[in-house]
Every structure is written in C-alpha cells, then in structure tokens.
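data.tsv follows (TSV, C-alpha atoms and all ligand atoms):
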```
chain	number	residue	atom	x	y	z
A	78	MET	CA	87.40	82.44	65.31
A	79	GLU	CA	87.38	81.66	69.05
A	80	LYS	CA	90.80	82.21	70.57
A	81	LYS	CA	92.75	79.04	71.38
A	82	TYR	CA	95.45	78.69	74.00
A	83	LEU	CA	98.53	76.56	74.38
A	84	ILE	CA	100.44	77.09	77.61
A	85	GLY	CA	103.67	75.32	78.45
A	86	ASN	CA	104.00	75.00	82.22
A	87	TRP	CA	107.68	74.40	82.90
A	88	LYS	CA	107.21	74.01	86.68
A	89	MET	CA	110.62	73.85	88.43
A	90	TYR	CA	112.57	72.73	85.36
A	91	LYS	CA	115.28	74.36	83.20
A	92	THR	CA	118.17	76.71	83.94
A	93	THR	CA	118.14	80.20	82.40
A	94	LYS	CA	120.58	79.01	79.73
A	95	GLU	CA	118.23	76.19	78.76
A	96	ALA	CA	115.22	78.52	78.80
A	97	ILE	CA	116.92	80.98	76.44
A	98	ALA	CA	118.07	78.20	74.12
A	99	PHE	CA	114.47	76.92	73.97
A	100	MET	CA	113.20	80.39	73.03
A	101	GLN	CA	115.86	80.84	70.38
A	102	GLN	CA	114.81	77.59	68.77
A	103	LEU	CA	111.07	78.16	69.17
A	104	LEU	CA	110.77	81.77	68.00
A	105	PRO	CA	111.86	81.41	64.36
A	106	THR	CA	109.65	78.34	63.95
A	107	LEU	CA	106.61	80.15	65.34
A	108	GLU	CA	107.34	83.24	63.28
A	109	ALA	CA	107.27	81.05	60.17
A	110	ILE	CA	103.82	79.61	61.04
A	111	ASP	CA	100.74	81.81	60.90
A	112	THR	CA	99.55	81.25	64.47
A	113	GLY	CA	96.46	83.40	63.79
A	114	SER	CA	94.07	83.33	66.74
A	115	LEU	CA	96.23	80.89	68.70
A	116	GLY	CA	97.79	82.25	71.90
A	117	VAL	CA	101.07	80.46	72.61
A	118	PHE	CA	102.34	80.95	76.15
A	119	LEU	CA	105.25	79.71	78.22
A	120	ALA	CA	105.16	79.65	82.01
A	121	PRO	CA	108.78	79.34	83.17
A	122	SER	CA	110.18	79.82	86.66
A	123	PHE	CA	110.08	83.46	87.90
A	124	VAL	CA	113.87	83.53	87.57
A	125	HIS	CA	113.75	83.25	83.77
A	126	LEU	CA	110.93	85.67	83.06
A	127	SER	CA	112.87	88.89	82.55
A	128	ASP	CA	115.52	87.26	80.35
A	129	MET	CA	112.84	85.61	78.27
A	130	ALA	CA	110.85	88.86	78.12
A	131	LYS	CA	113.80	90.52	76.38
A	132	LEU	CA	113.38	88.07	73.50
A	133	ILE	CA	109.68	88.66	72.95
A	134	ASP	CA	107.45	91.36	71.68
A	135	ARG	CA	103.93	91.93	73.08
A	136	LYS	CA	102.52	91.45	69.59
A	137	GLY	CA	104.76	88.49	68.76
A	138	PRO	CA	103.77	84.81	68.51
A	139	ILE	CA	104.74	83.92	72.06
A	140	GLN	CA	103.75	85.42	75.40
A	141	LEU	CA	104.80	84.80	78.98
A	142	VAL	CA	102.79	83.52	81.91
A	143	ALA	CA	103.93	83.31	85.54
A	144	GLN	CA	103.26	80.17	87.56
A	145	ASN	CA	102.03	82.11	90.61
A	146	CYS	CA	101.96	85.53	92.27
A	147	HIS	CA	101.11	87.00	95.68
A	148	HIS	CA	97.60	88.21	96.43
A	149	GLU	CA	98.63	91.52	98.06
A	150	ALA	CA	99.78	94.50	95.98
A	151	GLU	CA	103.09	94.77	97.86
A	152	GLY	CA	104.45	94.46	101.39
A	153	ALA	CA	106.76	92.65	103.77
A	154	PHE	CA	106.32	89.18	102.26
A	155	THR	CA	109.80	87.68	102.03
A	156	GLY	CA	110.27	85.40	99.06
A	157	GLU	CA	107.10	86.47	97.27
A	158	VAL	CA	106.51	88.07	93.86
A	159	SER	CA	103.80	90.65	93.19
A	160	ALA	CA	101.49	90.86	90.19
A	161	ALA	CA	102.78	94.38	89.41
A	162	MET	CA	106.37	93.11	89.27
A	163	LEU	CA	105.25	90.61	86.65
A	164	SER	CA	103.10	92.88	84.54
A	165	THR	CA	105.94	95.40	84.20
A	166	ILE	CA	108.24	92.80	82.62
A	167	LYS	CA	105.84	91.83	79.83
A	168	VAL	CA	104.16	88.93	81.60
A	169	SER	CA	100.61	88.69	80.28
A	170	GLY	CA	99.02	86.06	82.49
A	171	VAL	CA	99.35	84.10	85.73
A	172	LEU	CA	98.49	80.49	86.56
A	173	ILE	CA	96.31	80.45	89.65
A	174	GLY	CA	95.51	77.47	91.80
A	175	HIS	CA	97.55	74.82	90.02
A	176	SER	CA	96.94	71.57	91.91
A	177	GLU	CA	100.62	71.36	92.91
A	178	ARG	CA	100.24	74.69	94.72
A	179	ARG	CA	96.92	73.65	96.24
A	180	MET	CA	98.64	70.48	97.48
A	181	TYR	CA	102.15	71.59	98.55
A	182	GLN	CA	101.53	75.25	99.47
A	183	LYS	CA	98.05	74.55	100.86
A	184	GLU	CA	96.47	77.25	98.71
A	185	ASP	CA	92.71	77.25	99.20
A	186	ASN	CA	89.87	78.69	97.15
A	187	SER	CA	89.47	81.85	99.24
A	188	LEU	CA	93.16	82.72	98.78
A	189	LEU	CA	92.86	81.97	95.07
A	190	ALA	CA	89.91	84.38	94.80
A	191	LYS	CA	92.19	87.15	96.10
A	192	LYS	CA	94.88	86.20	93.60
A	193	VAL	CA	92.43	86.22	90.69
A	194	LYS	CA	91.31	89.74	91.67
A	195	ARG	CA	94.90	90.94	92.04
A	196	VAL	CA	95.91	89.61	88.63
A	197	LEU	CA	92.88	91.23	86.99
A	198	LYS	CA	93.69	94.56	88.68
A	199	THR	CA	97.11	94.61	87.06
A	200	GLY	CA	95.61	93.93	83.64
A	201	MET	CA	96.96	90.39	83.23
A	202	GLN	CA	94.89	87.30	82.43
A	203	PRO	CA	94.28	84.79	85.23
A	204	PHE	CA	94.43	81.12	84.20
A	205	LEU	CA	92.43	79.50	86.98
A	206	CYS	CA	93.14	75.79	87.42
A	207	CYS	CA	90.59	73.36	88.80
A	208	GLY	CA	90.22	69.59	88.94
A	209	GLU	CA	89.35	66.71	91.21
A	210	SER	CA	91.65	64.23	92.95
A	211	LEU	CA	91.46	60.50	92.29
A	212	GLU	CA	89.72	60.05	95.62
A	213	ASP	CA	87.08	62.68	94.74
A	214	ARG	CA	86.44	60.88	91.46
A	215	LYS	CA	86.23	57.43	93.07
A	216	ASN	CA	83.72	58.86	95.54
A	217	GLY	CA	81.65	60.41	92.75
A	218	LYS	CA	82.43	63.92	94.03
A	219	HIS	CA	84.26	65.24	90.96
A	220	LYS	CA	81.53	67.64	89.87
A	221	THR	CA	80.83	68.90	93.40
A	222	ILE	CA	84.52	69.63	93.97
A	223	VAL	CA	85.08	71.38	90.65
A	224	LYS	CA	81.91	73.47	91.11
A	225	GLN	CA	83.05	74.47	94.60
A	226	GLN	CA	86.52	75.38	93.32
A	227	LEU	CA	84.98	77.63	90.66
A	228	GLN	CA	82.36	79.23	92.89
A	229	GLU	CA	84.74	79.96	95.75
A	230	SER	CA	87.70	81.08	93.62
A	231	LEU	CA	85.47	83.46	91.66
A	232	CYS	CA	83.51	84.65	94.67
A	233	GLY	CA	82.34	88.27	94.38
A	234	MET	CA	83.43	88.67	90.77
A	235	THR	CA	81.31	90.37	88.12
A	236	PRO	CA	80.50	88.79	84.73
A	237	ASP	CA	82.83	91.34	83.10
A	238	GLU	CA	85.70	90.24	85.31
A	239	VAL	CA	85.02	86.54	84.79
A	240	ALA	CA	84.93	87.10	81.02
A	241	LYS	CA	88.61	88.07	81.16
A	242	LEU	CA	89.88	84.80	82.56
A	243	ALA	CA	90.53	81.34	81.25
A	244	VAL	CA	89.93	78.13	83.19
A	245	ALA	CA	92.09	75.01	82.98
A	246	TYR	CA	90.47	71.70	83.86
A	247	GLU	CA	93.25	69.49	85.17
A	248	PRO	CA	92.19	66.29	86.93
A	249	VAL	CA	94.89	65.78	89.58
A	250	TRP	CA	95.20	62.07	88.76
A	251	ALA	CA	96.14	62.91	85.15
A	252	ILE	CA	98.91	65.42	85.92
A	253	GLY	CA	102.38	64.08	85.25
A	254	THR	CA	101.13	60.50	85.47
A	255	GLY	CA	100.84	59.60	81.78
A	256	GLU	CA	97.20	58.72	82.50
A	257	VAL	CA	95.26	61.14	80.33
A	258	ALA	CA	91.54	61.62	81.06
A	259	SER	CA	89.26	59.82	78.60
A	260	LEU	CA	87.46	61.85	75.95
A	261	ASP	CA	84.17	61.10	77.70
A	262	ILE	CA	85.46	62.57	80.95
A	263	ILE	CA	86.97	65.62	79.22
A	264	THR	CA	83.74	66.26	77.28
A	265	GLU	CA	81.57	65.80	80.37
A	266	MET	CA	83.71	68.00	82.64
A	267	HIS	CA	84.24	70.80	80.12
A	268	TYR	CA	80.49	70.91	79.47
A	269	PHE	CA	79.88	70.94	83.22
A	270	ILE	CA	82.34	73.82	83.73
A	271	ARG	CA	80.76	75.73	80.84
A	272	GLN	CA	77.27	75.26	82.37
A	273	THR	CA	78.45	76.21	85.87
A	274	LEU	CA	79.89	79.49	84.55
A	275	LEU	CA	76.83	80.20	82.41
A	276	GLU	CA	74.46	79.66	85.33
A	277	ALA	CA	76.50	81.95	87.57
A	278	TYR	CA	77.43	84.70	85.11
A	279	GLY	CA	74.97	84.59	82.25
A	280	GLY	CA	74.76	83.57	78.63
A	281	SER	CA	77.14	86.10	77.14
A	282	ILE	CA	80.14	84.70	79.02
A	283	LYS	CA	82.40	82.49	76.92
A	284	VAL	CA	85.34	81.67	79.15
A	285	PRO	CA	87.96	79.54	77.35
A	286	ILE	CA	88.36	76.15	79.06
A	287	LEU	CA	91.71	74.41	78.57
A	288	TYR	CA	92.50	70.80	79.32
A	289	GLY	CA	95.64	69.77	81.22
A	290	GLY	CA	97.01	66.43	82.36
A	291	SER	CA	99.37	64.18	80.36
A	292	CYS	CA	98.45	65.87	77.09
A	293	ASN	CA	101.10	65.16	74.43
A	294	PRO	CA	101.50	65.06	70.62
A	295	GLN	CA	100.07	61.51	70.52
A	296	ASN	CA	96.75	62.27	72.23
A	297	ALA	CA	96.34	66.02	71.58
A	298	ALA	CA	94.43	65.84	68.27
A	299	ALA	CA	91.57	63.96	69.91
A	300	ILE	CA	91.55	66.17	73.01
A	301	PHE	CA	91.64	69.43	71.05
A	302	SER	CA	88.73	68.24	68.87
A	303	ALA	CA	86.46	67.72	71.88
A	304	PRO	CA	83.66	70.26	72.40
A	305	ASN	CA	84.39	73.13	74.79
A	306	VAL	CA	88.15	72.48	74.74
A	307	ALA	CA	89.91	75.76	73.91
A	308	GLY	CA	93.44	74.36	74.10
A	309	GLY	CA	95.86	72.85	76.56
A	310	LEU	CA	97.94	73.48	79.65
A	311	ILE	CA	100.96	71.30	79.05
A	312	GLY	CA	103.57	70.20	81.56
A	313	GLY	CA	106.00	67.42	80.54
A	314	ALA	CA	105.43	67.71	76.78
A	315	SER	CA	106.26	71.46	76.85
A	316	LEU	CA	109.82	70.86	77.99
A	317	GLN	CA	111.15	69.82	74.56
A	318	VAL	CA	110.90	72.29	71.69
A	319	ASP	CA	109.93	69.59	69.19
A	320	SER	CA	106.95	68.28	71.11
A	321	PHE	CA	105.81	71.81	71.99
A	322	ILE	CA	105.89	72.82	68.32
A	323	GLN	CA	103.98	69.67	67.38
A	324	LEU	CA	101.31	70.65	69.90
A	325	VAL	CA	101.11	74.18	68.44
A	326	LYS	CA	100.59	72.70	64.96
A	327	ILE	CA	97.97	70.21	66.14
A	328	LEU	CA	95.97	72.88	67.96
A	329	LEU	CA	96.17	75.20	64.98
A	330	GLU	CA	94.95	72.48	62.64
A	331	LYS	CA	92.04	71.62	64.96
A	332	ALA	CA	91.13	75.31	65.35
A	333	ASN	CA	91.00	75.66	61.55
A	334	ASP	CA	88.89	72.47	61.24
A	335	LYS	CA	86.38	73.75	63.81
A	336	ALA	CA	86.17	77.10	61.99
A	337	HIS	CA	85.19	75.44	58.67
B	1	LIG	P1	101.53	67.29	82.59
B	1	LIG	O1	101.27	68.59	83.52
B	1	LIG	O2	101.25	67.71	81.17
B	1	LIG	O3	102.99	66.96	82.80
B	1	LIG	O4	100.62	66.23	83.05
B	1	LIG	C1	100.19	69.45	83.29
B	1	LIG	C2	100.19	70.55	84.31
B	1	LIG	O5	100.59	70.32	85.45
B	1	LIG	O6	99.78	71.69	84.03
```

Would you encode the structure as structure tokens?
Ligand code: PGA
Amino acid sequence: MEKKYLIGNWKMYKTTKEAIAFMQQLLPTLEAIDTGSLGVFLAPSFVHLSDMAKLIDRKGPIQLVAQNCHHEAEGAFTGEVSAAMLSTIKVSGVLIGHSERRMYQKEDNSLLAKKVKRVLKTGMQPFLCCGESLEDRKNGKHKTIVKQQLQESLCGMTPDEVAKLAVAYEPVWAIGTGEVASLDIITEMHYFIRQTLLEAYGGSIKVPILYGGSCNPQNAAAIFSAPNVAGGLIGGASLQVDSFIQLVKILLEKANDKAH
C-alpha cells in the first residue's frame, strides 16, 4: 500500500509542558491503533524536539519533523539550527519552504534548493511546501507559480534524490483561514504537481503529495479520498489531541478504502 502521511505543524504554539502532555496522551492511543503504512509526524518548535524525542522510538507510531533548518552544514550562523543537529536527536524530516517562511523570512526557491540538498545529505526526508497566493490565483498564475517553485527548489537534483522527498501543496489563501480549497482545485493541482514531477524526473517517480490548508476532521474524509492526495499537513487542527487523532483515523480509513 502506498505510504500515507499526516503531519501536525505546530508552528509557534505550545510550551514544552504542553508538548509533552500532548505526546503522553497521543502515544497510547496510536499504539492501540494499527497505523500500518501511515506515517504520523509532529513538527513542534525546535525547543521541544529533544524532549519529545525521548518519548519516541524510531520504529514507533509517531516520528518528529522540524519546521526548518539551515542550508549550510555548520558555521557562524547565530540563531540557526543545522540539519545534523536535528538528525542526531531522532528527527526524521524537515519542512522546507512553508509559505510563512517564504513570506516572513523571505526564503526563495534557490535557498530552498540548498536546504533540500542539505536535508537529504543528512538522511532525513524533506517535506517541500509549495502553493500559490490569492493574487496568483486571481491572475490565473497558480500553475505557473507552483511549477516554478518545484523546478527551482529541486534544481540540479537527480530522480533518485527527488524520489526521497514528499511535496505539500498548500495554497497560501487556505492556510489558517478556514477557507479550504475545493475538491476540484485540490484534484487539479495535485494532478498538475504529479505531472510536473513525472515530466522532469521520469515515470518511476512517485513522490507523495500532501494537501495543507484548513484541513480538519470535518473536511478531511473528502480531501483524503481525492486522487493523488497522500495525506495532510495540518496546522490548527493538529493542536488538540482529539482532532489530531480523528484525522489519523480518517486517513487510515481512506487509505484502507483505496487499497481495496
Ligand atoms: P492550517 O495550516 O491547517 O492551520 O491551515 C496548515 C499549514 O500551515 O501547514
């Protein structure tokens, strides 16, 4: 069965105490469910990663993802965190190019390409985020922008390297707004991303494509049933244990439906 992904992106929320309490509630529930081929990930603040890592096992039902890392291996970069620092504390993936970092930290595609390479070098999985702004969509540029984001952020990469990553399609206008993209848009954009990667890297590449943007337990069943949707990158609805567990169950059910 194709691997499915559910990633909770906690952004700049939760204290360490709250993060640990979340894990202590989540872990026994996940251990009681057979999560099978579903990868369940949490992306907390850097500050919580090592405490949370102590509660998990690399083969357990939950894995950790960082929200960012620096593109250089190491150096005099005050305030930054390297990929190696993350991989040595049981972090298995890194979000790259989330639209909030593109917007507030002015991260551009050429910088993101360096980050993707760095993350791959340390053996972690890059989760490359892409997605158009409302203005791009109104101007009919959504496909051009997403294609450019993918081409430039994956510049110089081999098909083998690209096969190791996952992409998250997150239309900027749907993030944190409660305005989820319609199923037509999700289906069209995921197909477009799939085709763009196939044209560039060949037919054997099956990069998982996750959807993100106001996904919650009310709308997830429909989203996760759409073609080429391999799961979700979840912000707001990942902050409460109950809604996160509901999302895990919905994705698992949809993955089993697709397999039969
Ligand atoms: P949201 O955030 O689910 O709160 O819209 C998604 C994200 O930013 O990854």

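Across the model, the gap from CA of Asp185 in chain A to CA of Leu274 in chain A is 19.6 Å.
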
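Atom pair CA of Gly312 in chain A / atom O6 of ligand LIG 1 (chain B) has a distance of 4.8 Å (rounded to one decimal).
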
Practice problem: May I ask which of the residues A:Phe123, A:Gly200, A:Ile252, A:His175 is the closest one to Glu157 in chain A, counting all atoms listed in the file? | Solution: A:Phe123

Self-check item: Spatial neighbours of Thr221 in chain A, max dist 12 Å, only C-alpha atoms, sep filter under 2 positions, as a PyMOL selection string
Solution: chain A and resi 207-210+213-214+216-219+223-229+266+269-270+273

With all atoms of ligand LIG 1 (chain B) from the file as input, state the centre and edge lengths in Å to one decimal of the axis-aligned box that has 6 Å extra on each side, as lines of an AutoDock Vina configuration file.
```
center_x = 101.4
center_y = 69.0
center_z = 83.3
size_x = 15.2
size_y = 17.5
size_z = 16.3
```

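Counting all atoms listed in the file and comparing A:Ala98, A:Ile110, A:Ala258, A:Ala160, the residue that lies closest to Lys326 in chain A is A:Ile110.
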
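Interatomic distance, CA of Leu328 in chain A to CA of Pro105 in chain A: 18.4 Å.
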
Self-check item: Pick from A:Gly253, A:Ala150, A:Ile263, A:Ala245 nearest to Leu310 in chain A, counting only C-alpha atoms
Solution: A:Ala245

Exercise. Please identify every polymer residue within 8 Å of ligand LIG 1 (chain B), using only C-alpha atoms and all ligand atoms, and present the set as a list in words.
Key: Gly85, Asn86, Lys88, His175, Ser176, Glu177, Glu247, Ala251, Ile252, Gly253, Thr254, Gly255, Val257, Gly289, Gly290, Ser291, Cys292, Asn293, Leu310, Ile311, Gly312, Gly313, Ala314 and Ser315 of chain A

Exercise. Would you mind listing what lies within 7 Å of Gln323 in chain A as a list in words, with all atoms listed in the file counted and same-chain residues fewer than 4 positions away left out?
Key: Pro294, Asp319 and Ile327 of chain A

Quiz item: Hey, which of A:Gln101, A:Ser127, A:Gln144, A:Ser159 ends up closest to Leu172 in chain A? Count only C-alpha atoms.
Solution: A:Gln144
